[in-house]
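Colleague: What follows is model.cif, made up of mmCIF, C-alpha atoms; chains and numbers go by the auth columns:
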data_entry
#
loop_
_atom_site.group_PDB
_atom_site.id
_atom_site.type_symbol
_atom_site.label_atom_id
_atom_site.label_comp_id
_atom_site.label_asym_id
_atom_site.label_seq_id
_atom_site.Cartn_x
_atom_site.Cartn_y
_atom_site.Cartn_z
_atom_site.B_iso_or_equiv
_atom_site.auth_seq_id
_atom_site.auth_asym_id
ATOM 1 C CA MET A 1 -21.526 -5.139 -7.032 0.00 1 A
ATOM 2 C CA HIS A 2 -18.241 -6.752 -5.980 0.00 2 A
ATOM 3 C CA LEU A 3 -16.900 -6.429 -9.514 0.00 3 A
ATOM 4 C CA PHE A 4 -17.780 -2.731 -9.635 0.00 4 A
ATOM 5 C CA LEU A 5 -16.008 -2.150 -6.330 0.00 5 A
ATOM 6 C CA LEU A 6 -12.885 -3.904 -7.615 0.00 6 A
ATOM 7 C CA ILE A 7 -12.998 -1.879 -10.839 0.00 7 A
ATOM 8 C CA GLY A 8 -13.344 1.314 -8.770 0.00 8 A
ATOM 9 C CA LEU A 9 -10.366 0.300 -6.628 0.00 9 A
ATOM 10 C CA VAL A 10 -8.178 -0.413 -9.661 0.00 10 A
ATOM 11 C CA ALA A 11 -9.325 2.759 -11.452 0.00 11 A
ATOM 12 C CA PHE A 12 -8.458 4.969 -8.483 0.00 12 A
ATOM 13 C CA THR A 13 -5.037 3.367 -8.048 0.00 13 A
ATOM 14 C CA ILE A 14 -4.236 3.858 -11.749 0.00 14 A
ATOM 15 C CA LEU A 15 -5.410 7.465 -11.404 0.00 15 A
ATOM 16 C CA ALA A 16 -3.104 7.885 -8.395 0.00 16 A
ATOM 17 C CA VAL A 17 -0.125 6.705 -10.431 0.00 17 A
ATOM 18 C CA LEU A 18 -0.901 8.585 -13.622 0.00 18 A
ATOM 19 C CA ALA A 19 -1.994 11.909 -12.081 0.00 19 A
ATOM 20 C CA ARG A 20 0.645 14.587 -12.628 0.00 20 A
ATOM 21 C CA ASP A 21 -0.484 16.678 -9.662 0.00 21 A
ATOM 22 C CA LEU A 22 0.705 15.045 -6.425 0.00 22 A
ATOM 23 C CA LEU A 23 -2.255 16.410 -4.476 0.00 23 A
ATOM 24 C CA LYS A 24 -4.686 14.744 -6.876 0.00 24 A
ATOM 25 C CA ALA A 25 -2.635 11.540 -6.682 0.00 25 A
ATOM 26 C CA ALA A 26 -2.892 11.520 -2.866 0.00 26 A
ATOM 27 C CA ILE A 27 -6.638 12.121 -2.988 0.00 27 A
ATOM 28 C CA ALA A 28 -7.074 9.354 -5.594 0.00 28 A
ATOM 29 C CA LEU A 29 -5.180 7.006 -3.278 0.00 29 A
ATOM 30 C CA ALA A 30 -7.605 7.903 -0.477 0.00 30 A
ATOM 31 C CA GLY A 31 -10.496 7.100 -2.849 0.00 31 A
ATOM 32 C CA ALA A 32 -8.936 3.707 -3.568 0.00 32 A
ATOM 33 C CA SER A 33 -8.675 3.077 0.182 0.00 33 A
ATOM 34 C CA ILE A 34 -12.365 3.845 0.621 0.00 34 A
ATOM 35 C CA PHE A 35 -13.248 1.337 -2.126 0.00 35 A
ATOM 36 C CA LEU A 36 -10.985 -1.241 -0.454 0.00 36 A
ATOM 37 C CA ALA A 37 -12.644 -0.602 2.923 0.00 37 A
ATOM 38 C CA ILE A 38 -16.091 -1.209 1.390 0.00 38 A
ATOM 39 C CA ILE A 39 -14.802 -4.472 -0.123 0.00 39 A
ATOM 40 C CA PHE A 40 -13.473 -5.560 3.297 0.00 40 A
ATOM 41 C CA PHE A 41 -16.770 -4.658 4.944 0.00 41 A
ATOM 42 C CA ARG A 42 -18.667 -6.794 2.440 0.00 42 A
ATOM 43 C CA MET A 43 -16.248 -9.666 3.094 0.00 43 A
ATOM 44 C CA GLY A 44 -17.073 -9.526 6.820 0.00 44 A
ATOM 45 C CA GLY A 45 -13.813 -7.896 7.867 0.00 45 A
ATOM 46 C CA TYR A 46 -15.403 -5.093 9.881 0.00 46 A
ATOM 47 C CA TYR A 47 -12.375 -4.238 11.997 0.00 47 A
ATOM 48 C CA VAL A 48 -9.924 -4.110 9.131 0.00 48 A
ATOM 49 C CA SER A 49 -12.416 -1.992 7.188 0.00 49 A
ATOM 50 C CA VAL A 50 -12.447 0.559 10.013 0.00 50 A
ATOM 51 C CA PHE A 51 -8.624 0.496 10.113 0.00 51 A
ATOM 52 C CA GLU A 52 -8.464 0.975 6.345 0.00 52 A
ATOM 53 C CA ILE A 53 -10.732 4.031 6.428 0.00 53 A
ATOM 54 C CA THR A 54 -9.310 5.724 9.520 0.00 54 A
ATOM 55 C CA ILE A 55 -5.621 4.993 9.122 0.00 55 A
ATOM 56 C CA VAL A 56 -4.965 4.489 5.408 0.00 56 A
ATOM 57 C CA ALA A 57 -7.635 6.778 3.938 0.00 57 A
ATOM 58 C CA GLY A 58 -7.311 9.279 6.788 0.00 58 A
ATOM 59 C CA LEU A 59 -3.887 9.397 8.390 0.00 59 A
ATOM 60 C CA ILE A 60 -1.726 8.425 5.404 0.00 60 A
ATOM 61 C CA THR A 61 -3.587 10.860 3.120 0.00 61 A
ATOM 62 C CA VAL A 62 -3.000 13.644 5.646 0.00 62 A
ATOM 63 C CA LEU A 63 0.702 12.717 5.780 0.00 63 A
ATOM 64 C CA PHE A 64 0.958 12.714 1.979 0.00 64 A
ATOM 65 C CA ILE A 65 -0.861 16.049 1.629 0.00 65 A
ATOM 66 C CA ALA A 66 1.296 17.618 4.360 0.00 66 A
ATOM 67 C CA THR A 67 4.454 16.435 2.584 0.00 67 A
ATOM 68 C CA VAL A 68 3.204 17.667 -0.789 0.00 68 A
ATOM 69 C CA ASN A 69 2.473 21.070 0.735 0.00 69 A
ATOM 70 C CA MET A 70 5.896 21.258 2.424 0.00 70 A
ATOM 71 C CA THR A 71 7.666 20.468 -0.860 0.00 71 A
ATOM 72 C CA ARG A 72 5.215 22.078 -3.213 0.00 72 A
ATOM 73 C CA HIS A 73 6.942 24.961 -4.954 0.00 73 A
ATOM 74 C CA GLN A 74 9.440 22.818 -6.830 0.00 74 A
ATOM 75 C CA GLU A 75 7.477 19.655 -7.459 0.00 75 A
ATOM 76 C CA GLN A 76 7.141 20.322 -11.173 0.00 76 A
ATOM 77 C CA ASP A 77 10.878 20.001 -11.799 0.00 77 A
ATOM 78 C CA VAL A 78 10.743 16.191 -11.842 0.00 78 A
ATOM 79 C CA VAL A 79 10.605 15.150 -15.478 0.00 79 A
ATOM 80 C CA GLU A 80 9.226 11.642 -15.987 0.00 80 A
ATOM 81 C CA SER A 81 10.573 9.525 -18.833 0.00 81 A
ATOM 82 C CA LYS A 82 8.273 8.744 -21.786 0.00 82 A
ATOM 83 C CA TRP A 83 9.214 5.198 -22.760 0.00 83 A
ATOM 84 C CA PRO A 84 7.514 3.362 -19.847 0.00 84 A
ATOM 85 C CA ARG A 85 4.145 4.610 -21.065 0.00 85 A
ATOM 86 C CA ILE A 86 4.708 2.709 -24.309 0.00 86 A
ATOM 87 C CA ILE A 87 6.148 -0.467 -22.837 0.00 87 A
ATOM 88 C CA PHE A 88 3.829 -0.684 -19.833 0.00 88 A
ATOM 89 C CA PRO A 89 0.626 -1.811 -21.668 0.00 89 A
ATOM 90 C CA LEU A 90 2.530 -4.642 -23.403 0.00 90 A
ATOM 91 C CA PHE A 91 4.157 -5.706 -20.149 0.00 91 A
ATOM 92 C CA PHE A 92 0.797 -5.514 -18.400 0.00 92 A
ATOM 93 C CA LEU A 93 -0.871 -7.843 -20.928 0.00 93 A
ATOM 94 C CA LEU A 94 2.011 -10.299 -20.699 0.00 94 A
ATOM 95 C CA PHE A 95 1.792 -10.223 -16.902 0.00 95 A
ATOM 96 C CA LEU A 96 -1.957 -10.947 -16.942 0.00 96 A
ATOM 97 C CA VAL A 97 -1.480 -13.974 -19.238 0.00 97 A
ATOM 98 C CA VAL A 98 1.360 -15.399 -17.126 0.00 98 A
ATOM 99 C CA ASP A 99 -0.569 -14.666 -13.929 0.00 99 A
ATOM 100 C CA PHE A 100 -3.662 -16.497 -15.203 0.00 100 A
ATOM 101 C CA LEU A 101 -1.640 -19.550 -16.248 0.00 101 A
ATOM 102 C CA VAL A 102 0.364 -19.733 -13.023 0.00 102 A
ATOM 103 C CA MET A 103 -2.661 -19.280 -10.783 0.00 103 A
ATOM 104 C CA LYS A 104 -4.591 -22.025 -12.546 0.00 104 A
ATOM 105 C CA LYS A 105 -1.768 -24.446 -11.785 0.00 105 A
ATOM 106 C CA LEU A 106 -1.385 -23.262 -8.181 0.00 106 A
ATOM 107 C CA LEU A 107 -5.028 -23.685 -7.253 0.00 107 A
ATOM 108 C CA GLY A 108 -4.897 -27.364 -6.347 0.00 108 A
ATOM 109 C CA THR A 109 -1.763 -26.980 -4.271 0.00 109 A
ATOM 110 C CA ILE A 110 -3.128 -24.515 -1.698 0.00 110 A
ATOM 111 C CA PRO A 111 -3.722 -26.658 1.421 0.00 111 A
ATOM 112 C CA ALA A 112 -7.145 -26.597 3.028 0.00 112 A
ATOM 113 C CA LEU A 113 -7.391 -25.808 6.729 0.00 113 A
ATOM 114 C CA GLN A 114 -8.370 -28.569 9.120 0.00 114 A
ATOM 115 C CA SER A 115 -11.244 -26.730 10.727 0.00 115 A
ATOM 116 C CA ALA A 116 -13.008 -23.421 10.481 0.00 116 A
ATOM 117 C CA GLU A 117 -12.047 -20.841 13.105 0.00 117 A
ATOM 118 C CA THR A 118 -14.003 -20.376 16.283 0.00 118 A
ATOM 119 C CA GLY A 119 -14.167 -17.537 18.786 0.00 119 A
ATOM 120 C CA THR A 120 -14.379 -13.777 18.480 0.00 120 A
ATOM 121 C CA PHE A 121 -12.030 -11.282 16.879 0.00 121 A
ATOM 122 C CA GLY A 122 -10.778 -10.170 20.297 0.00 122 A
ATOM 123 C CA GLU A 123 -9.974 -13.726 21.396 0.00 123 A
ATOM 124 C CA ILE A 124 -7.974 -14.390 18.236 0.00 124 A
ATOM 125 C CA LEU A 125 -6.192 -11.015 18.244 0.00 125 A
ATOM 126 C CA TRP A 126 -5.222 -11.058 21.928 0.00 126 A
ATOM 127 C CA GLY A 127 -4.943 -14.828 22.337 0.00 127 A
ATOM 128 C CA LYS A 128 -3.566 -16.425 19.193 0.00 128 A
ATOM 129 C CA ARG A 129 -1.904 -13.438 17.559 0.00 129 A
ATOM 130 C CA SER A 130 -0.521 -11.697 20.650 0.00 130 A
ATOM 131 C CA PHE A 131 3.037 -11.966 19.334 0.00 131 A
ATOM 132 C CA ASP A 132 1.944 -9.871 16.330 0.00 132 A
ATOM 133 C CA LEU A 133 0.772 -7.174 18.722 0.00 133 A
ATOM 134 C CA ILE A 134 4.190 -7.046 20.385 0.00 134 A
ATOM 135 C CA GLY A 135 5.741 -6.661 16.938 0.00 135 A
ATOM 136 C CA GLN A 136 3.272 -3.901 16.073 0.00 136 A
ATOM 137 C CA ILE A 137 4.104 -2.014 19.262 0.00 137 A
ATOM 138 C CA GLY A 138 7.812 -2.347 18.426 0.00 138 A
ATOM 139 C CA VAL A 139 7.263 -1.080 14.892 0.00 139 A
ATOM 140 C CA ILE A 140 5.228 1.898 16.123 0.00 140 A
ATOM 141 C CA PHE A 141 7.937 2.861 18.634 0.00 141 A
ATOM 142 C CA ALA A 142 10.625 2.454 15.972 0.00 142 A
ATOM 143 C CA GLY A 143 8.612 4.689 13.618 0.00 143 A
ATOM 144 C CA VAL A 144 8.074 7.377 16.243 0.00 144 A
ATOM 145 C CA LEU A 145 11.753 7.387 17.252 0.00 145 A
ATOM 146 C CA SER A 146 12.844 7.525 13.594 0.00 146 A
ATOM 147 C CA VAL A 147 10.594 10.502 12.851 0.00 147 A
ATOM 148 C CA LEU A 148 11.842 12.248 15.994 0.00 148 A
ATOM 149 C CA ALA A 149 15.444 11.577 14.959 0.00 149 A
ATOM 150 C CA LEU A 150 14.819 12.905 11.453 0.00 150 A
ATOM 151 C CA PHE A 151 13.218 16.132 12.690 0.00 151 A
ATOM 152 C CA ARG A 152 15.481 16.842 15.650 0.00 152 A
ATOM 153 C CA LYS A 153 17.043 20.273 15.843 0.00 153 A
ATOM 154 C CA ARG A 154 20.728 20.402 15.113 0.00 154 A
ATOM 155 C CA SER A 155 23.030 21.304 17.969 0.00 155 A
ATOM 156 C CA LYS A 156 25.808 23.860 17.600 0.00 156 A
ATOM 157 C CA HIS A 157 28.409 21.106 17.274 0.00 157 A
ATOM 158 C CA ASP A 158 26.778 19.550 14.153 0.00 158 A
ATOM 159 C CA MET B 1 -12.011 -21.834 -5.278 0.00 1 B
ATOM 160 C CA THR B 2 -14.925 -19.546 -6.067 0.00 2 B
ATOM 161 C CA ASN B 3 -15.321 -16.949 -8.763 0.00 3 B
ATOM 162 C CA ALA B 4 -15.150 -14.155 -6.186 0.00 4 B
ATOM 163 C CA TRP B 5 -11.688 -15.323 -5.117 0.00 5 B
ATOM 164 C CA PHE B 6 -10.564 -15.363 -8.760 0.00 6 B
ATOM 165 C CA LEU B 7 -11.884 -11.825 -9.199 0.00 7 B
ATOM 166 C CA ASP B 8 -10.113 -10.659 -6.061 0.00 8 B
ATOM 167 C CA MET B 9 -6.853 -12.263 -7.135 0.00 9 B
ATOM 168 C CA GLY B 10 -7.192 -10.639 -10.559 0.00 10 B
ATOM 169 C CA ALA B 11 -7.540 -7.268 -8.831 0.00 11 B
ATOM 170 C CA VAL B 12 -4.521 -8.112 -6.645 0.00 12 B
ATOM 171 C CA ALA B 13 -2.479 -8.891 -9.772 0.00 13 B
ATOM 172 C CA VAL B 14 -3.499 -5.587 -11.360 0.00 14 B
ATOM 173 C CA LEU B 15 -2.675 -3.667 -8.172 0.00 15 B
ATOM 174 C CA LEU B 16 0.723 -5.368 -7.983 0.00 16 B
ATOM 175 C CA ILE B 17 1.574 -4.503 -11.564 0.00 17 B
ATOM 176 C CA VAL B 18 0.425 -0.888 -11.114 0.00 18 B
ATOM 177 C CA GLY B 19 2.505 -0.614 -7.925 0.00 19 B
ATOM 178 C CA PHE B 20 5.612 -2.071 -9.555 0.00 20 B
ATOM 179 C CA TYR B 21 5.087 0.142 -12.610 0.00 21 B
ATOM 180 C CA CYS B 22 5.021 3.143 -10.281 0.00 22 B
ATOM 181 C CA LEU B 23 8.187 1.992 -8.492 0.00 23 B
ATOM 182 C CA PHE B 24 10.122 1.275 -11.683 0.00 24 B
ATOM 183 C CA THR B 25 9.138 4.276 -13.776 0.00 25 B
ATOM 184 C CA GLN B 26 8.440 7.275 -11.564 0.00 26 B
ATOM 185 C CA ARG B 27 11.214 9.605 -10.484 0.00 27 B
ATOM 186 C CA ASN B 28 9.306 11.653 -7.954 0.00 28 B
ATOM 187 C CA LEU B 29 9.990 10.470 -4.395 0.00 29 B
ATOM 188 C CA ILE B 30 6.386 10.955 -3.251 0.00 30 B
ATOM 189 C CA LYS B 31 5.120 8.994 -6.268 0.00 31 B
ATOM 190 C CA LEU B 32 7.459 6.142 -5.339 0.00 32 B
ATOM 191 C CA PHE B 33 5.849 5.849 -1.930 0.00 33 B
ATOM 192 C CA ILE B 34 2.400 5.998 -3.498 0.00 34 B
ATOM 193 C CA GLY B 35 3.604 2.871 -5.350 0.00 35 B
ATOM 194 C CA VAL B 36 4.624 1.248 -2.051 0.00 36 B
ATOM 195 C CA GLU B 37 1.190 2.077 -0.660 0.00 37 B
ATOM 196 C CA ILE B 38 -0.493 0.401 -3.656 0.00 38 B
ATOM 197 C CA LEU B 39 1.605 -2.744 -3.096 0.00 39 B
ATOM 198 C CA GLY B 40 0.439 -2.734 0.541 0.00 40 B
ATOM 199 C CA LYS B 41 -3.175 -2.544 -0.607 0.00 41 B
ATOM 200 C CA ALA B 42 -2.612 -5.530 -2.896 0.00 42 B
ATOM 201 C CA ALA B 43 -1.162 -7.561 -0.006 0.00 43 B
ATOM 202 C CA THR B 44 -4.060 -6.677 2.301 0.00 44 B
ATOM 203 C CA LEU B 45 -6.668 -7.547 -0.329 0.00 45 B
ATOM 204 C CA ALA B 46 -4.961 -10.890 -1.058 0.00 46 B
ATOM 205 C CA MET B 47 -4.890 -11.697 2.657 0.00 47 B
ATOM 206 C CA MET B 48 -8.553 -10.897 3.200 0.00 48 B
ATOM 207 C CA ALA B 49 -9.780 -12.639 0.037 0.00 49 B
ATOM 208 C CA THR B 50 -7.903 -15.832 0.896 0.00 50 B
ATOM 209 C CA GLY B 51 -9.059 -15.633 4.518 0.00 51 B
ATOM 210 C CA LEU B 52 -12.657 -15.385 3.354 0.00 52 B
ATOM 211 C CA GLU B 53 -12.181 -18.285 0.951 0.00 53 B
ATOM 212 C CA LYS B 54 -10.644 -20.504 3.662 0.00 54 B
ATOM 213 C CA LYS B 55 -13.268 -19.412 6.227 0.00 55 B
ATOM 214 C CA ASN B 56 -10.633 -17.750 8.376 0.00 56 B
ATOM 215 C CA VAL B 57 -11.670 -14.104 8.192 0.00 57 B
ATOM 216 C CA LEU B 58 -10.712 -13.317 11.795 0.00 58 B
ATOM 217 C CA VAL B 59 -7.081 -14.429 11.478 0.00 59 B
ATOM 218 C CA ALA B 60 -6.913 -12.702 8.090 0.00 60 B
ATOM 219 C CA GLN B 61 -8.168 -9.507 9.743 0.00 61 B
ATOM 220 C CA CYS B 62 -5.466 -9.715 12.426 0.00 62 B
ATOM 221 C CA LEU B 63 -2.763 -10.113 9.775 0.00 63 B
ATOM 222 C CA ALA B 64 -4.250 -7.352 7.605 0.00 64 B
ATOM 223 C CA ILE B 65 -4.242 -4.982 10.589 0.00 65 B
ATOM 224 C CA THR B 66 -0.568 -5.855 11.191 0.00 66 B
ATOM 225 C CA ILE B 67 0.188 -5.043 7.539 0.00 67 B
ATOM 226 C CA ILE B 68 -1.634 -1.702 7.839 0.00 68 B
ATOM 227 C CA VAL B 69 0.255 -0.728 11.015 0.00 69 B
ATOM 228 C CA VAL B 70 3.629 -1.570 9.452 0.00 70 B
ATOM 229 C CA GLU B 71 2.618 0.292 6.278 0.00 71 B
ATOM 230 C CA VAL B 72 1.741 3.446 8.236 0.00 72 B
ATOM 231 C CA CYS B 73 5.075 3.404 10.065 0.00 73 B
ATOM 232 C CA VAL B 74 6.998 2.887 6.825 0.00 74 B
ATOM 233 C CA ILE B 75 5.158 5.742 5.106 0.00 75 B
ATOM 234 C CA ALA B 76 5.579 8.097 8.082 0.00 76 B
ATOM 235 C CA VAL B 77 9.350 7.493 8.256 0.00 77 B
ATOM 236 C CA ALA B 78 9.679 7.669 4.463 0.00 78 B
ATOM 237 C CA LEU B 79 7.836 10.982 4.229 0.00 79 B
ATOM 238 C CA ALA B 80 9.997 12.416 7.033 0.00 80 B
ATOM 239 C CA MET B 81 13.066 11.306 5.063 0.00 81 B
ATOM 240 C CA ILE B 82 11.642 12.861 1.878 0.00 82 B
ATOM 241 C CA ILE B 83 11.193 16.221 3.627 0.00 83 B
ATOM 242 C CA ASN B 84 14.785 16.057 4.892 0.00 84 B
ATOM 243 C CA MET B 85 16.087 15.154 1.435 0.00 85 B
ATOM 244 C CA TYR B 86 14.093 18.022 -0.061 0.00 86 B
ATOM 245 C CA ARG B 87 15.689 20.430 2.409 0.00 87 B
ATOM 246 C CA HIS B 88 19.138 19.191 1.374 0.00 88 B
ATOM 247 C CA THR B 89 18.738 18.902 -2.402 0.00 89 B
ATOM 248 C CA GLY B 90 15.831 21.297 -3.091 0.00 90 B
ATOM 249 C CA SER B 91 14.200 18.726 -5.327 0.00 91 B
ATOM 250 C CA LEU B 92 12.045 15.599 -5.210 0.00 92 B
ATOM 251 C CA ASP B 93 13.854 14.037 -8.164 0.00 93 B
ATOM 252 C CA ILE B 94 15.406 10.711 -7.226 0.00 94 B
ATOM 253 C CA ARG B 95 18.212 11.205 -9.778 0.00 95 B
ATOM 254 C CA LYS B 96 19.562 14.117 -7.755 0.00 96 B
ATOM 255 C CA LEU B 97 20.239 11.859 -4.759 0.00 97 B
ATOM 256 C CA THR B 98 23.636 10.813 -6.038 0.00 98 B
ATOM 257 C CA LYS B 99 25.905 12.243 -3.367 0.00 99 B
ATOM 258 C CA LEU B 100 26.911 8.776 -2.138 0.00 100 B
ATOM 259 C CA LYS B 101 27.546 7.494 -5.659 0.00 101 B
ATOM 260 C CA GLY B 102 31.171 6.475 -6.113 0.00 102 B
#
Once you've parsed the file, please lay out its structure as structure tokens.
Modeller:
Amino acid sequence: MHLFLLIGLVAFTILAVLARDLLKAAIALAGASIFLAIIFFRMGGYYVSVFEITIVAGLITVLFIATVNMTRHQEQDVVESKWPRIIFPLFFLLFLVVDFLVMKKLLGTIPALQSAETGTFGEILWGKRSFDLIGQIGVIFAGVLSVLALFRKRSKHD
Amino acid sequence: MTNAWFLDMGAVAVLLIVGFYCLFTQRNLIKLFIGVEILGKAATLAMMATGLEKKNVLVAQCLAITIIVVEVCVIAVALAMIINMYRHTGSLDIRKLTKLKG
């Protein structure tokens, strides 16, 4: 089952990259997110699975589709080059071989943790990782201010 | 390390290569950010798989949520920039963004 989910995830991401229509690419990316959320759920990451479905599969897909619609009538003018389609499979095979060899050597060097974690998700998120939350709040504010700055109306002096 | 972790890391490697392929070869601005999104998925999957393997799923979840939040902000700002660029150049082709080229 896990293998099929991973294959589905990879298949949808490849579809998202290879699809010529941007709308189909965005929807394929949402499909990949749903597969990833199911994988997280099976791993026991219930909260991150909910985040993946609501934010990545939901919000980001809506943002992509809105952008595609706002820029739609001239999207076909981007001509992609042909040569990467020939070189990519060779590069991909080479990457897999190197990746397999490197990972086999790295396996023994990953340090084991002293003890398994205790407590609930809330205790760890608000207690141990509270500095992350401050960073997240900062990033969200920075994002909102940036979007506002990019869409502000021009004054007469500009 | 278990077989499941190897499988997950294999999928992470494939996602990384697909994301980098998208970044290096595509010329459409929206496609480029689809590539960034795929790289984010690879990072999240690697985090969760290793967290599960090391019996630290809760910390892995916290970090994965942080990655997702940062990813959303990056994509939102990037798409706003893409719309602005489209209004200026009338195209989504990255080769036409050469006004600052010396």
Colleague: So what does the PyMOL selection byres ((chain B) within 8 of (chain A)) actually pick up in this one, as JSON, numbers by chain?
Modeller: {"B": [1, 7, 8, 11, 13, 14, 15, 17, 18, 21, 22, 25, 26, 27, 28, 30, 31, 34, 35, 38, 41, 45, 48, 49, 52, 54, 55, 56, 57, 58, 59, 61, 62, 64, 65, 66, 68, 69, 70, 72, 73, 74, 75, 76, 77, 79, 80, 81, 83, 84, 86, 90, 91, 92, 93]}
Colleague: What gap, in Å, lies between CA of Ile65 (chain A) and CA of Leu23 (chain A)?
Modeller: 6.3 Å
Colleague: To one decimal in Å, tell me the separation between CA of Gly10 (chain B) and CA of Gly31 (chain A).
Modeller: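 CA of Gly10 (chain B) sits 19.6 Å away from CA of Gly31 (chain A).
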Colleague: Quick one: distance from CA of Gly51 (chain B) to CA of Phe33 (chain B) in Å, one decimal?
Modeller: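 Going from CA of Gly51 (chain B) over to CA of Phe33 (chain B) covers 26.9 Å.
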Colleague: Which residue gives the smallest distance to Ala46 (chain B) among B:Val12, B:Gly19, B:Leu32, B:Ile82, with only C-alpha atoms counted?
Modeller: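 Looking at the shortest contact to Ala46 (chain B), the residue is B:Val12.
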Colleague: Take every atom of region 23-37 of chain B listed in the file, fit an axis-aligned box around them, add 8 Å per side, and give the centre and edge lengths in Å to one decimal as JSON.
Modeller:
{"center_x": 6.2, "center_y": 6.5, "center_z": -7.2, "size_x": 26.0, "size_y": 26.4, "size_z": 29.1}
Colleague: Atoms are missing here; could region 30-45 of chain B be completed with N, CA and C atoms and written as a PDB file, keeping the file's coordinate frame?
Modeller:
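Saved file selection.pdb follows:
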ATOM      1  N   ILE B  30       7.715  11.171  -3.836  1.00  0.00           N
ATOM      2  CA  ILE B  30       6.386  10.955  -3.251  1.00  0.00           C
ATOM      3  C   ILE B  30       5.622   9.912  -4.068  1.00  0.00           C
ATOM      4  N   LYS B  31       5.782   9.981  -5.394  1.00  0.00           N
ATOM      5  CA  LYS B  31       5.120   8.994  -6.268  1.00  0.00           C
ATOM      6  C   LYS B  31       5.625   7.583  -5.968  1.00  0.00           C
ATOM      7  N   LEU B  32       6.910   7.460  -5.647  1.00  0.00           N
ATOM      8  CA  LEU B  32       7.459   6.142  -5.339  1.00  0.00           C
ATOM      9  C   LEU B  32       6.760   5.544  -4.115  1.00  0.00           C
ATOM     10  N   PHE B  33       6.492   6.385  -3.129  1.00  0.00           N
ATOM     11  CA  PHE B  33       5.849   5.849  -1.930  1.00  0.00           C
ATOM     12  C   PHE B  33       4.356   5.640  -2.128  1.00  0.00           C
ATOM     13  N   ILE B  34       3.771   6.347  -3.107  1.00  0.00           N
ATOM     14  CA  ILE B  34       2.400   5.998  -3.498  1.00  0.00           C
ATOM     15  C   ILE B  34       2.401   4.577  -4.077  1.00  0.00           C
ATOM     16  N   GLY B  35       3.456   4.233  -4.824  1.00  0.00           N
ATOM     17  CA  GLY B  35       3.604   2.871  -5.350  1.00  0.00           C
ATOM     18  C   GLY B  35       3.715   1.841  -4.235  1.00  0.00           C
ATOM     19  N   VAL B  36       4.489   2.160  -3.196  1.00  0.00           N
ATOM     20  CA  VAL B  36       4.624   1.248  -2.051  1.00  0.00           C
ATOM     21  C   VAL B  36       3.264   1.039  -1.382  1.00  0.00           C
ATOM     22  N   GLU B  37       2.523   2.134  -1.270  1.00  0.00           N
ATOM     23  CA  GLU B  37       1.190   2.077  -0.660  1.00  0.00           C
ATOM     24  C   GLU B  37       0.258   1.160  -1.465  1.00  0.00           C
ATOM     25  N   ILE B  38       0.348   1.250  -2.790  1.00  0.00           N
ATOM     26  CA  ILE B  38      -0.493   0.401  -3.656  1.00  0.00           C
ATOM     27  C   ILE B  38      -0.119  -1.074  -3.469  1.00  0.00           C
ATOM     28  N   LEU B  39       1.178  -1.358  -3.341  1.00  0.00           N
ATOM     29  CA  LEU B  39       1.605  -2.744  -3.096  1.00  0.00           C
ATOM     30  C   LEU B  39       1.051  -3.252  -1.756  1.00  0.00           C
ATOM     31  N   GLY B  40       1.021  -2.366  -0.757  1.00  0.00           N
ATOM     32  CA  GLY B  40       0.439  -2.734   0.541  1.00  0.00           C
ATOM     33  C   GLY B  40      -1.037  -3.059   0.424  1.00  0.00           C
ATOM     34  N   LYS B  41      -1.743  -2.274  -0.393  1.00  0.00           N
ATOM     35  CA  LYS B  41      -3.175  -2.544  -0.607  1.00  0.00           C
ATOM     36  C   LYS B  41      -3.370  -3.911  -1.255  1.00  0.00           C
ATOM     37  N   ALA B  42      -2.501  -4.227  -2.218  1.00  0.00           N
ATOM     38  CA  ALA B  42      -2.612  -5.530  -2.896  1.00  0.00           C
ATOM     39  C   ALA B  42      -2.416  -6.665  -1.885  1.00  0.00           C
ATOM     40  N   ALA B  43      -1.428  -6.521  -1.003  1.00  0.00           N
ATOM     41  CA  ALA B  43      -1.162  -7.561  -0.006  1.00  0.00           C
ATOM     42  C   ALA B  43      -2.353  -7.722   0.937  1.00  0.00           C
ATOM     43  N   THR B  44      -2.928  -6.602   1.367  1.00  0.00           N
ATOM     44  CA  THR B  44      -4.060  -6.677   2.301  1.00  0.00           C
ATOM     45  C   THR B  44      -5.265  -7.349   1.640  1.00  0.00           C
ATOM     46  N   LEU B  45      -5.521  -6.960   0.377  1.00  0.00           N
ATOM     47  CA  LEU B  45      -6.668  -7.547  -0.329  1.00  0.00           C
ATOM     48  C   LEU B  45      -6.462  -9.051  -0.528  1.00  0.00           C
TER      49      LEU B  45
END
